[in-house]
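A short write-up of the structure that comes next.
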Amino acid sequence: MTTDTGELVAKDKAHLWHHITQHAIFKQNDPLIITEGKGMKVWDINGKQYLDALSGGVWSVNVGYGEKRIVDAVSEQIMKMCYFAGTVGTVPSVELAEAIVQKMDGLNRVYLSPSGSEANEKAFKMVRQRAALKFEGKKHKILYRDRDYHGTTITALSAGGQEERKMQYGPYTPGFVEFEHCCCYRCPFDKEYGSCEIECARAVEETILREGPDTVGGVIVEPITAGGGIIAPVKEYLPMVRQICDKYDVWLIIDEVVCGLGRTGKWFGYQHYDIIPDIVTTAKGLASSYAPLAATITTEAVFNEFINEPSDPASYFRDISTYGGCAGSAAAGVANIKVIEEDNLVANSRDIGAYFLTQLKEKLGSHKNVGDIRGVGLFAGVELVVDCQTREAMPEGKLVEIVGHCMKNGVIIGRTNRSLPNLNNTLTFCPALIATKKDIDTIVDATMNGLIAVLGR
Ligand SMILES: Cc1ncc(COP(=O)(O)O)c(C=O)c1O
């Protein structure tokens, strides 16, 4: 492998297709090539150092870079036994399944796959197959929420509430129906919390009734919306949605692809809300992206729907995923969970996350273009507006400039990225769970400097 900087940049420009990137920019600029990571820091090919407040750009390196305990576990495992199909168990897949369910109350079965999109596809297939087995195919519709994202495949996008991510990739899989988001700052019902009677949760029931309860089999939501703008619902929301799902015999699927594994200061985001979902999906932080790993986790009741007469070929969950059988990925997951436990990273996410939110509010809260600051654990968003009275969204280009300013100054922060038409106006933060107060101070100061440089005081 070459280490020559110019040669690598030339090869990148010649052959690598970067994700969600307009390559015309590389006529003027060189692509960023990251070469090394340690803790919360990464270095690029020119030796420039960055503090990464995004856990690998897409909120996934939860325990930070260069974690030897995970590297050793993966290395030992793949030397001993690298792979066998998920039709059988391997030592790490069995251990991982147990380790995951020990963190979840009431869920008990773990189905492994390599990505968040796929984990959600499994959940959708479970709903569809249950409809076929029990309801002559009728109860097959799946409701999803505006502003939520559940993945990149055509069917995961069919369940996506982010119009800009979906545009031009249709036609979509039928049977997915959208309902309103739950962001109080931009209440879709023009109501105020306190007197709203949680209309956003009631919208789930209205949608089920409109579609026909006998046609709806599942509801999927993120516990805290990630890419749609870091939106934590009010405390009543998920318990109400849970009740509505129970009333109409609808499975509640909670997408913890981002929020799982300590991100929000609890092992899973739904645990802030005192509910038990029927299905949970999780990925990114499950192996802290040291290896591709995702899981679809169900209650025993969901699992039991697929236990039937063995001679009937249509009676069990007939899904398979080659890379769901990678023993190295499972070993990374087991070691990752151990690291989070040993280093008390869930508590750190809660405590340093609380400090982070306070600092964001204290230092950025009074800026003329800061409309709303929200977050839970080490997961936060700052919504920018042109005017705090009208709440007109700041154009996305300004956020690109702010993020670019931080980057130039060695701090990687994020933004809602081509997700919602005219509403890509939230700066996003998702530092590794090992973050210290000093890291947080650096991130908050860099953001404030970026805001002032681009928008003035
Ligand atoms: C909430 C949520 N669900 C699902 C996914 C899809 O995961 P993956 O990119 O691993 O397919 C993402 C990716 O960002 C996500 O944010």
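Chains: A, B, ... in order of the structure tokens. Residues: from 1 per chain. Ligands: from 1, in order shown.
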Protein and nucleic acid residues within 6 Å of ligand 1 (only C-alpha atoms and all ligand atoms) as a PyMOL selection string | chain A and resi 115-117+149-152+222+226-227+255+257-258
Residues from the last selection, C-alpha atoms, saved as a compact mmCIF listing (two decimals), in the first residue's frame:
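And here is the file that came out, result_7.txt:
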# COMPACT_ATOMS: atom_id res chain seq x y z
CA SER A 115 -26.07 -2.94 8.83
CA GLY A 116 -28.78 -0.80 10.35
CA SER A 117 -30.76 -0.79 7.11
CA TYR A 149 -34.56 7.75 8.93
CA HIS A 150 -34.31 3.98 8.90
CA GLY A 151 -31.74 3.24 6.25
CA THR A 152 -30.62 3.41 2.69
CA GLU A 222 -36.41 6.35 16.38
CA ALA A 226 -31.04 11.47 14.83
CA GLY A 227 -30.39 12.70 11.26
CA ASP A 255 -34.85 1.94 15.74
CA VAL A 257 -29.30 2.17 15.25
CA VAL A 258 -27.90 5.45 16.55
Within 9 Å of Glu396 (chain A), counting only C-alpha atoms, which residues qualify if same-chain residues fewer than 5 places away don't, as a count of residues only?
-> 10
Neighbour list for Glu98 (chain A) as an mmCIF file with N, CA and C atoms, in the first residue's frame, cut-off 9 Å, only C-alpha atoms, skip fewer than 6 positions in-chain:
data_model
loop_
_atom_site.group_PDB
_atom_site.id
_atom_site.type_symbol
_atom_site.label_atom_id
_atom_site.label_comp_id
_atom_site.auth_asym_id
_atom_site.auth_seq_id
_atom_site.Cartn_x
_atom_site.Cartn_y
_atom_site.Cartn_z
ATOM 1 N N ASN A 108 -35.623 -10.646 24.181
ATOM 2 C CA ASN A 108 -34.912 -11.885 24.478
ATOM 3 C C ASN A 108 -34.270 -12.599 23.301
ATOM 4 N N ARG A 109 -34.511 -12.153 22.058
ATOM 5 C CA ARG A 109 -33.993 -12.888 20.895
ATOM 6 C C ARG A 109 -33.234 -11.943 19.979
ATOM 7 N N VAL A 110 -32.085 -12.385 19.524
ATOM 8 C CA VAL A 110 -31.191 -11.507 18.771
ATOM 9 C C VAL A 110 -30.907 -12.106 17.397
#
Residues of region 12-66 of chain A within 10 Å of region 364-384 of chain A: nearest atom pair and distance (Å, one decimal) for each, counting only C-alpha atoms, sorted by chain and number, as JSON lines?
{"residue": "A:Ala53", "atom": "CA", "partner": "A:Leu378", "partner_atom": "CA", "distance": 9.5}
{"residue": "A:Leu54", "atom": "CA", "partner": "A:Phe379", "partner_atom": "CA", "distance": 9.3}
{"residue": "A:Trp59", "atom": "CA", "partner": "A:Phe379", "partner_atom": "CA", "distance": 9.0}
{"residue": "A:Asn62", "atom": "CA", "partner": "A:Leu378", "partner_atom": "CA", "distance": 9.9}
Would you write out those residues with N, CA and C atoms, as a PDB file, in the first residue's frame?
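The resulting part_15.pdb:
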ATOM      1  N   ALA A  53     -16.084  15.170  16.987  1.00  0.00           N
ATOM      2  CA  ALA A  53     -17.319  15.249  17.792  1.00  0.00           C
ATOM      3  C   ALA A  53     -18.460  14.525  17.109  1.00  0.00           C
ATOM      4  N   LEU A  54     -18.117  13.633  16.176  1.00  0.00           N
ATOM      5  CA  LEU A  54     -19.172  12.916  15.443  1.00  0.00           C
ATOM      6  C   LEU A  54     -18.980  11.402  15.466  1.00  0.00           C
ATOM      7  N   TRP A  59     -21.753   8.826  13.712  1.00  0.00           N
ATOM      8  CA  TRP A  59     -22.256   8.523  15.044  1.00  0.00           C
ATOM      9  C   TRP A  59     -22.124   7.055  15.435  1.00  0.00           C
ATOM     10  N   ASN A  62     -18.545   4.505  19.129  1.00  0.00           N
ATOM     11  CA  ASN A  62     -18.984   4.917  20.473  1.00  0.00           C
ATOM     12  C   ASN A  62     -17.868   4.912  21.514  1.00  0.00           C
TER      13      ASN A  62
END
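Take CA of Leu252 (chain A) and CA of Leu286 (chain A): the distance between them is 20.9 Å.
Residues of region 49-233 of chain A that DSSP, applied to the backbone, places in strand (DSSP E or B): Gln49, Tyr50, Leu51, Asp52, Tyr65, Tyr83, Arg109, Val110, Tyr111, Leu112, Ser113, Lys141, Ile142, Leu143, Tyr144, Arg145, Phe176, Val177, Glu178, Phe179, Val216, Gly217, Gly218, Val219, Ile220, Val221, Thr225 and Ile231 of chain A.
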Please produce a file of those selected residues containing N, CA, C and O atoms, as a short mmCIF file (atom, residue, chain, number, x, y, z; two decimals), in the first residue's frame.
data_model
loop_
_atom_site.label_atom_id
_atom_site.label_comp_id
_atom_site.auth_asym_id
_atom_site.auth_seq_id
_atom_site.Cartn_x
_atom_site.Cartn_y
_atom_site.Cartn_z
N GLN A 49 -4.43 17.21 12.83
CA GLN A 49 -5.19 16.54 13.89
C GLN A 49 -6.58 17.15 14.05
O GLN A 49 -6.75 18.36 13.95
N TYR A 50 -7.57 16.31 14.30
CA TYR A 50 -8.94 16.78 14.53
C TYR A 50 -9.48 16.15 15.81
O TYR A 50 -9.21 14.98 16.09
N LEU A 51 -10.30 16.91 16.52
CA LEU A 51 -11.09 16.32 17.60
C LEU A 51 -12.44 15.95 16.97
O LEU A 51 -13.12 16.82 16.41
N ASP A 52 -12.78 14.70 17.04
CA ASP A 52 -13.96 14.21 16.32
C ASP A 52 -15.18 14.24 17.23
O ASP A 52 -15.32 13.40 18.13
N TYR A 65 -11.47 5.67 19.11
CA TYR A 65 -10.56 4.97 18.20
C TYR A 65 -9.45 4.25 18.96
O TYR A 65 -9.09 4.64 20.07
N TYR A 83 -15.56 -17.35 10.33
CA TYR A 83 -16.91 -17.23 9.79
C TYR A 83 -17.63 -18.57 9.75
O TYR A 83 -17.04 -19.57 9.38
N ARG A 109 -34.51 -12.15 22.06
CA ARG A 109 -33.99 -12.89 20.89
C ARG A 109 -33.23 -11.94 19.98
O ARG A 109 -33.72 -10.85 19.67
N VAL A 110 -32.09 -12.39 19.52
CA VAL A 110 -31.19 -11.51 18.77
C VAL A 110 -30.91 -12.11 17.40
O VAL A 110 -30.43 -13.24 17.29
N TYR A 111 -31.19 -11.34 16.36
CA TYR A 111 -30.95 -11.77 14.98
C TYR A 111 -29.89 -10.85 14.40
O TYR A 111 -30.07 -9.63 14.33
N LEU A 112 -28.75 -11.42 13.98
CA LEU A 112 -27.60 -10.59 13.58
C LEU A 112 -27.54 -10.35 12.07
O LEU A 112 -27.89 -11.22 11.27
N SER A 113 -27.09 -9.16 11.73
CA SER A 113 -26.89 -8.79 10.31
C SER A 113 -25.81 -7.71 10.26
O SER A 113 -25.30 -7.30 11.30
N LYS A 141 -49.30 -3.28 6.78
CA LYS A 141 -48.78 -1.91 6.63
C LYS A 141 -47.89 -1.54 7.81
O LYS A 141 -48.10 -2.00 8.94
N ILE A 142 -46.93 -0.69 7.52
CA ILE A 142 -46.00 -0.22 8.56
C ILE A 142 -46.01 1.31 8.55
O ILE A 142 -45.85 1.94 7.50
N LEU A 143 -46.27 1.87 9.72
CA LEU A 143 -46.30 3.34 9.83
C LEU A 143 -44.93 3.85 10.26
O LEU A 143 -44.26 3.23 11.08
N TYR A 144 -44.53 4.97 9.70
CA TYR A 144 -43.26 5.60 10.08
C TYR A 144 -43.49 7.09 10.26
O TYR A 144 -44.52 7.63 9.84
N ARG A 145 -42.50 7.73 10.86
CA ARG A 145 -42.69 9.13 11.28
C ARG A 145 -41.91 10.10 10.38
O ARG A 145 -40.77 9.81 10.00
N PHE A 176 -46.16 1.45 3.23
CA PHE A 176 -45.55 2.28 4.28
C PHE A 176 -46.29 3.62 4.33
O PHE A 176 -46.52 4.24 3.29
N VAL A 177 -46.66 4.04 5.52
CA VAL A 177 -47.53 5.21 5.67
C VAL A 177 -46.92 6.16 6.71
O VAL A 177 -46.57 5.74 7.81
N GLU A 178 -46.85 7.44 6.35
CA GLU A 178 -46.20 8.42 7.23
C GLU A 178 -47.18 9.07 8.21
O GLU A 178 -48.33 9.29 7.87
N PHE A 179 -46.69 9.37 9.42
CA PHE A 179 -47.45 10.22 10.34
C PHE A 179 -46.55 11.34 10.83
O PHE A 179 -45.35 11.37 10.54
N VAL A 216 -52.86 -2.60 9.54
CA VAL A 216 -51.60 -2.07 10.08
C VAL A 216 -50.95 -3.09 11.01
O VAL A 216 -51.57 -3.53 11.98
N GLY A 217 -49.70 -3.46 10.71
CA GLY A 217 -49.00 -4.46 11.52
C GLY A 217 -47.84 -3.92 12.32
O GLY A 217 -47.38 -4.56 13.27
N GLY A 218 -47.33 -2.74 11.95
CA GLY A 218 -46.15 -2.23 12.66
C GLY A 218 -46.06 -0.72 12.64
O GLY A 218 -46.60 -0.06 11.75
N VAL A 219 -45.40 -0.19 13.67
CA VAL A 219 -45.05 1.24 13.73
C VAL A 219 -43.56 1.29 14.02
O VAL A 219 -43.09 0.62 14.95
N ILE A 220 -42.81 2.06 13.23
CA ILE A 220 -41.38 2.21 13.51
C ILE A 220 -41.06 3.66 13.82
O ILE A 220 -41.52 4.57 13.13
N VAL A 221 -40.30 3.87 14.90
CA VAL A 221 -39.81 5.22 15.24
C VAL A 221 -38.39 5.11 15.79
O VAL A 221 -37.99 4.09 16.35
N THR A 225 -34.95 11.08 17.41
CA THR A 225 -34.64 11.23 15.99
C THR A 225 -33.23 11.76 15.83
O THR A 225 -32.86 12.76 16.47
N ILE A 231 -34.16 14.96 17.89
CA ILE A 231 -35.47 15.28 18.49
C ILE A 231 -35.84 14.21 19.51
O ILE A 231 -36.11 13.06 19.15
#
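Every residue of region 378-441 of chain A with a DSSP assignment of alpha helix (DSSP H), taken from the backbone, is listed as Glu396, Gly397, Lys398, Leu399, Val400, Glu401, Ile402, Val403, Gly404, His405, Cys406, Met407, Lys408, Lys437, Lys438, Asp439, Ile440 and Asp441 of chain A.
Distance-wise, CA of Arg147 (chain A) and CA of Cys183 (chain A) end up 9.2 Å apart.
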Compile the contact shell of Asp351 (chain A) as an MDAnalysis selection string: residues with an atom at most 10 Å away, counting only C-alpha atoms, same-chain residues fewer than 5 positions apart removed.
-> chainID A and resid 265 345:346 356 377:378 436:437
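Ranking A:Glu342, A:Asp445, A:Glu256, A:Asp44 by their shortest atom-to-atom distance to Pro31 (chain A), with only C-alpha atoms included, puts A:Asp44 first.
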Identify, on the basis of only C-alpha atoms, every residue whose closest approach to Leu107 (chain A) does not exceed 9 Å; exclude the query and any residue fewer than 4 positions from it along the same chain; express the result as a CSV table (one decimal) with N, CA, C and O atoms, in the first residue's frame.
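Writing done, so here's result38.csv:
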chain,number,residue,atom,x,y,z
A,101,VAL,N,-29.2,-9.0,25.3
A,101,VAL,CA,-30.5,-9.0,26.0
A,101,VAL,C,-30.4,-8.7,27.5
A,101,VAL,O,-31.4,-8.3,28.1
A,102,GLN,N,-29.2,-8.9,28.1
A,102,GLN,CA,-29.0,-8.6,29.5
A,102,GLN,C,-29.1,-7.1,29.7
A,102,GLN,O,-29.4,-6.6,30.8
A,276,ILE,N,-41.7,-1.2,26.8
A,276,ILE,CA,-41.0,-2.4,26.3
A,276,ILE,C,-41.4,-2.5,24.8
A,276,ILE,O,-42.6,-2.7,24.5
A,277,PRO,N,-40.5,-2.3,23.9
A,277,PRO,CA,-40.9,-2.4,22.4
A,277,PRO,C,-41.1,-3.9,22.1
A,277,PRO,O,-40.7,-4.8,22.8
A,278,ASP,N,-41.7,-4.2,21.0
A,278,ASP,CA,-41.8,-5.5,20.5
A,278,ASP,C,-40.5,-5.9,19.7
A,278,ASP,O,-40.0,-7.1,19.8
A,279,ILE,N,-40.0,-4.9,19.0
A,279,ILE,CA,-38.7,-5.2,18.3
A,279,ILE,C,-37.8,-4.0,18.4
A,279,ILE,O,-38.3,-2.8,18.4
A,280,VAL,N,-36.5,-4.2,18.6
A,280,VAL,CA,-35.5,-3.1,18.7
A,280,VAL,C,-34.5,-3.4,17.6
A,280,VAL,O,-34.1,-4.6,17.5
A,297,ILE,N,-33.7,-7.3,17.6
A,297,ILE,CA,-33.9,-7.9,18.8
A,297,ILE,C,-35.4,-7.9,19.1
A,297,ILE,O,-36.1,-6.9,19.0
A,298,THR,N,-35.9,-9.1,19.5
A,298,THR,CA,-37.4,-9.2,19.7
A,298,THR,C,-37.7,-9.7,21.1
A,298,THR,O,-36.9,-10.4,21.7
A,299,THR,N,-39.0,-9.5,21.4
A,299,THR,CA,-39.5,-10.2,22.6
A,299,THR,C,-39.7,-11.7,22.2
A,299,THR,O,-39.7,-12.1,21.1
A,300,GLU,N,-39.9,-12.5,23.3
A,300,GLU,CA,-40.1,-13.9,23.1
A,300,GLU,C,-41.5,-14.1,22.4
A,300,GLU,O,-41.6,-15.0,21.6
CA of Pro310 (chain A) and CA of Ile100 (chain A) are how many Å apart?
-> 27.9 Å
Mind checking which residues fall within 9 Å of region 5-8 of chain A, counting only C-alpha atoms, ignoring those fewer than 6 positions away in the same chain, and posting them as a PyMOL selection string?
-> chain A and resi 33+45-46
Spatial neighbours of Gly86 (chain A), 8 Å, only C-alpha atoms, chain gap at least 4 places, as a PyMOL selection string = chain A and resi 112+320-322+324-325
Any chance you could export the current selection's N, CA, C and O atoms as a compact mmCIF listing (two decimals), in the first residue's frame?
# COMPACT_ATOMS: atom_id res chain seq x y z
N LEU A 112 -28.75 -11.42 13.98
CA LEU A 112 -27.60 -10.59 13.58
C LEU A 112 -27.54 -10.35 12.07
O LEU A 112 -27.89 -11.22 11.27
N ILE A 320 -31.93 -14.80 5.60
CA ILE A 320 -30.52 -15.10 5.85
C ILE A 320 -29.70 -13.94 5.36
O ILE A 320 -30.10 -13.22 4.44
N SER A 321 -28.55 -13.73 6.03
CA SER A 321 -27.70 -12.60 5.69
C SER A 321 -26.27 -13.09 5.84
O SER A 321 -25.82 -13.38 6.95
N THR A 322 -25.54 -13.19 4.74
CA THR A 322 -24.20 -13.78 4.79
C THR A 322 -23.36 -13.18 5.91
O THR A 322 -22.83 -13.89 6.77
N GLY A 324 -24.14 -11.61 8.49
CA GLY A 324 -24.64 -11.77 9.85
C GLY A 324 -23.89 -12.89 10.56
O GLY A 324 -24.01 -13.06 11.78
N GLY A 325 -23.11 -13.66 9.81
CA GLY A 325 -22.39 -14.79 10.40
C GLY A 325 -20.92 -14.51 10.66
O GLY A 325 -20.18 -15.44 11.03
Which of A:Tyr323, A:Tyr237, A:Tyr193, A:Tyr290 sits closest to Lys68 (chain A) [using only C-alpha atoms] = A:Tyr290
Return as CSV the residues of region 195-313 of chain A lying at most 9 Å from region 130-135 of chain A, together with the closest atom-to-atom pair for each and the distance in Å to one decimal, counting only C-alpha atoms, with rows in chain order and ascending residue number.
residue,atom,partner,partner_atom,distance
A:Asp214,CA,A:Phe135,CA,8.2
A:Thr215,CA,A:Ala131,CA,8.8
A:Gly217,CA,A:Ala131,CA,7.0
A:Val302,CA,A:Arg130,CA,9.0
A:Glu305,CA,A:Arg130,CA,7.0
A:Phe306,CA,A:Arg130,CA,7.8
Save the residues we just selected, C-alpha atoms, as a short mmCIF file (atom, residue, chain, number, x, y, z; two decimals), in the first residue's frame?
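Below you can see out.cif, which holds the result:
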data_model
loop_
_atom_site.label_atom_id
_atom_site.label_comp_id
_atom_site.auth_asym_id
_atom_site.auth_seq_id
_atom_site.Cartn_x
_atom_site.Cartn_y
_atom_site.Cartn_z
CA ASP A 214 -56.84 -4.67 10.31
CA THR A 215 -54.28 -3.46 7.73
CA GLY A 217 -49.00 -4.46 11.52
CA VAL A 302 -42.58 -12.01 18.60
CA GLU A 305 -45.00 -16.26 16.19
CA PHE A 306 -42.45 -18.01 13.96
#
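Of the residues listed (A:Ile434, A:Met167, A:Ala453, A:Cys245), A:Ile434 shows the shortest atom-to-atom separation from Ala347 (chain A); distances use only C-alpha atoms.
Distances to Gly414 (chain A) were evaluated for A:Pro223, A:Gly39, A:Pro233, A:Pro431 using only C-alpha atoms, and the minimum falls at A:Pro431.
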